[in-house]
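Worksheet: the structure to be examined is printed underneath.
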Amino acid sequence: MGNAPVPSMPRASRKRARTRGELVAAAERLVAQRGLDALSIDEITEAADVAKGTFYTHFQDKDDLANAIAGQIRMELEARITSLNAGVSDAGLRMVNGLSTVLSFAIHQPVRARAMIRLIPSAADPDMPINAGIRRDMARGVDSGVFQVPSVGAAVVATIGAIMSALIRLSQPGRPIDDPHGFATQVIEIVLAGLGVGRREAQRLASIAMNSRRKETET
């Protein structure tokens, strides 16, 4: 007996989801350009080409919309990193999978990356939930001897700082980098070297990770 067909979403629900997506996409672009505080709901609905009243059928206010944008981006990145690291125990490989995913996101989705930077300032706080993965992998690397650092906490701070700076540089409009994947590879290599990974191994891991992310976006 074959599988039963999966029922499709009702037309009204599809329209609602599409409108919500248009509002989120428009807000992402505007937030990336100017920040949330400088925006009005009128500007967001005009950019999305929907009536102002429609906004309030999906979101309570701008903060609610901002939380939706930030949450969606965060969930996408976390889901991708979790998928890449499924079954991976090596701390160095887990670290480069996470770092390369974030930097590849900045390269290929710079508008959304800039929106994330503006809407999730807590991403730079090592104690926030968004950085739980890097904290765990850093501790794993220290315990296994892969990383040679005097302090897990300090190493997390230094790593997050480097990646946040790279995110800003890679997603910055009007200042393109000739070889963004090469730049991201170098950043990851430097981070790994700072964690005590040998230069050749750091270069190998960084190159493998960024080459994999590049191929994934080309398929």
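If you're wondering about the labels, chains in the structure tokens are A, B, ... by order shown, residues count from 1 in each chain, ligands from 1 in order shown.
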
Would you give me, as number ranges by chain, the residues in chain A that DSSP reads as alpha helix (DSSP H)? A: 11-34, 41-48, 52-58, 62-84, 91-108, 110-119, 132-144, 152-171, 180-194, 199-218

What would the file look like if the residues just selected were written as a short mmCIF file (atom, residue, chain, number, x, y, z; two decimals), in the first residue's frame with C-alpha atoms?
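Okay, this is what ended up in part.cif:
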```
data_model
loop_
_atom_site.label_atom_id
_atom_site.label_comp_id
_atom_site.auth_asym_id
_atom_site.auth_seq_id
_atom_site.Cartn_x
_atom_site.Cartn_y
_atom_site.Cartn_z
CA ARG A 11 -5.09 28.67 0.10
CA ALA A 12 -5.79 31.22 2.85
CA SER A 13 -2.94 29.82 4.93
CA ARG A 14 -0.57 29.93 1.96
CA LYS A 15 -1.50 33.56 1.32
CA ARG A 16 -1.00 34.43 4.97
CA ALA A 17 2.41 32.75 5.05
CA ARG A 18 3.40 34.51 1.81
CA THR A 19 2.39 37.92 3.17
CA ARG A 20 4.24 37.33 6.42
CA GLY A 21 7.32 36.32 4.42
CA GLU A 22 7.10 39.51 2.33
CA LEU A 23 6.94 41.63 5.48
CA VAL A 24 9.93 39.84 6.99
CA ALA A 25 11.97 40.11 3.78
CA ALA A 26 11.20 43.82 3.39
CA ALA A 27 12.07 44.49 7.02
CA GLU A 28 15.34 42.57 6.69
CA ARG A 29 16.42 44.79 3.81
CA LEU A 30 15.47 48.00 5.61
CA VAL A 31 17.01 46.96 8.92
CA ALA A 32 20.24 46.04 7.15
CA GLN A 33 20.37 49.53 5.64
CA ARG A 34 19.26 51.72 8.53
CA ILE A 41 5.76 50.50 10.19
CA ASP A 42 4.53 52.57 7.22
CA GLU A 43 7.92 52.19 5.55
CA ILE A 44 7.97 48.46 6.16
CA THR A 45 4.49 47.89 4.75
CA GLU A 46 5.21 50.11 1.76
CA ALA A 47 8.38 48.16 0.98
CA ALA A 48 6.43 44.90 1.29
CA LYS A 52 -0.62 48.87 7.02
CA GLY A 53 -3.48 47.05 8.71
CA THR A 54 -2.10 43.79 7.36
CA PHE A 55 1.03 44.27 9.44
CA TYR A 56 -0.97 43.93 12.65
CA THR A 57 -2.52 40.63 11.59
CA HIS A 58 0.99 39.16 11.68
CA LYS A 62 8.19 46.41 15.36
CA ASP A 63 9.81 44.53 18.22
CA ASP A 64 7.68 41.48 17.49
CA LEU A 65 8.76 41.65 13.84
CA ALA A 66 12.40 42.08 14.85
CA ASN A 67 12.19 39.02 17.08
CA ALA A 68 10.70 37.02 14.20
CA ILE A 69 13.52 38.04 11.85
CA ALA A 70 16.27 37.37 14.37
CA GLY A 71 14.73 34.09 15.43
CA GLN A 72 14.37 32.85 11.86
CA ILE A 73 17.97 33.64 10.96
CA ARG A 74 19.27 32.12 14.16
CA MET A 75 17.24 28.93 13.71
CA GLU A 76 18.44 28.52 10.11
CA LEU A 77 22.10 28.86 11.10
CA GLU A 78 21.78 26.62 14.14
CA ALA A 79 19.94 23.96 12.15
CA ARG A 80 22.62 23.98 9.45
CA ILE A 81 25.48 23.74 11.95
CA THR A 82 23.71 20.97 13.86
CA SER A 83 23.23 19.04 10.62
CA LEU A 84 26.90 19.41 9.64
CA ALA A 91 36.39 19.46 18.21
CA GLY A 92 38.46 21.10 15.49
CA LEU A 93 36.16 19.92 12.72
CA ARG A 94 33.07 20.87 14.70
CA MET A 95 34.50 24.34 15.23
CA VAL A 96 35.30 24.94 11.56
CA ASN A 97 31.89 23.63 10.50
CA GLY A 98 30.26 26.26 12.69
CA LEU A 99 32.57 29.13 11.77
CA SER A 100 32.46 28.40 8.04
CA THR A 101 28.66 28.22 8.07
CA VAL A 102 28.39 31.65 9.66
CA LEU A 103 30.95 33.26 7.34
CA SER A 104 29.44 31.62 4.26
CA PHE A 105 26.08 33.08 5.32
CA ALA A 106 27.65 36.55 5.32
CA ILE A 107 29.13 35.98 1.87
CA HIS A 108 25.99 34.68 0.19
CA PRO A 110 24.91 39.81 3.14
CA VAL A 111 21.62 41.66 3.63
CA ARG A 112 20.37 39.10 6.10
CA ALA A 113 23.78 38.99 7.78
CA ARG A 114 23.68 42.75 8.34
CA ALA A 115 20.14 42.45 9.69
CA MET A 116 21.30 39.75 12.09
CA ILE A 117 24.19 41.90 13.33
CA ARG A 118 21.80 44.78 14.01
CA LEU A 119 19.01 42.71 15.53
CA ALA A 132 26.10 27.68 23.51
CA GLY A 133 27.47 25.55 20.68
CA ILE A 134 30.79 27.32 20.48
CA ARG A 135 31.16 27.14 24.26
CA ARG A 136 30.58 23.38 24.22
CA ASP A 137 32.94 22.78 21.31
CA MET A 138 35.62 24.95 22.88
CA ALA A 139 35.41 22.99 26.14
CA ARG A 140 35.43 19.73 24.18
CA GLY A 141 38.54 20.83 22.31
CA VAL A 142 40.36 21.81 25.51
CA ASP A 143 39.42 18.55 27.25
CA SER A 144 40.62 16.48 24.29
CA VAL A 152 37.94 28.45 27.73
CA GLY A 153 36.07 31.67 28.50
CA ALA A 154 38.79 33.90 27.05
CA ALA A 155 39.10 31.67 23.99
CA VAL A 156 35.34 31.89 23.36
CA VAL A 157 35.46 35.69 23.63
CA ALA A 158 38.40 35.95 21.21
CA THR A 159 36.80 33.58 18.70
CA ILE A 160 33.43 35.33 18.75
CA GLY A 161 35.15 38.71 18.38
CA ALA A 162 37.07 37.56 15.31
CA ILE A 163 34.01 36.05 13.66
CA MET A 164 31.80 39.06 14.37
CA SER A 165 34.41 41.36 12.81
CA ALA A 166 34.66 39.07 9.79
CA LEU A 167 30.85 39.00 9.50
CA ILE A 168 30.76 42.79 9.37
CA ARG A 169 33.56 42.97 6.81
CA LEU A 170 32.14 40.25 4.54
CA SER A 171 28.63 41.68 4.52
CA PRO A 180 35.62 36.45 0.09
CA HIS A 181 35.95 32.68 0.48
CA GLY A 182 39.72 33.00 0.67
CA PHE A 183 39.37 35.78 3.24
CA ALA A 184 36.98 33.66 5.33
CA THR A 185 39.39 30.72 5.10
CA GLN A 186 42.22 32.88 6.41
CA VAL A 187 40.10 34.15 9.30
CA ILE A 188 39.21 30.60 10.35
CA GLU A 189 42.84 29.51 9.98
CA ILE A 190 43.99 32.36 12.24
CA VAL A 191 41.31 31.55 14.82
CA LEU A 192 42.39 27.90 14.92
CA ALA A 193 46.05 28.85 15.18
CA GLY A 194 45.16 31.10 18.11
CA ARG A 199 49.51 25.91 11.26
CA ARG A 200 49.26 23.20 8.62
CA GLU A 201 46.35 21.51 10.34
CA ALA A 202 44.59 24.85 10.81
CA GLN A 203 45.05 25.63 7.12
CA ARG A 204 43.82 22.18 6.12
CA LEU A 205 40.69 22.30 8.26
CA ALA A 206 39.82 25.87 7.25
CA SER A 207 40.29 25.12 3.54
CA ILE A 208 38.20 21.95 3.65
CA ALA A 209 35.37 23.68 5.49
CA MET A 210 35.15 26.78 3.29
CA ASN A 211 35.53 24.76 0.08
CA SER A 212 32.64 22.58 1.25
CA ARG A 213 30.47 25.63 1.99
CA ARG A 214 31.29 27.10 -1.43
CA LYS A 215 30.32 23.85 -3.21
CA GLU A 216 27.07 23.65 -1.25
CA THR A 217 26.00 27.07 -2.52
CA GLU A 218 26.91 26.18 -6.10
#
```

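Take CA of Ala124 in chain A and CA of Gln109 in chain A: the distance between them is 19.4 Å.
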
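With only C-alpha atoms as the basis for measurement, A:Asp61 is the residue among A:Ala51, A:Pro150, A:Asp61, A:Arg175 that approaches Leu39 in chain A most closely.
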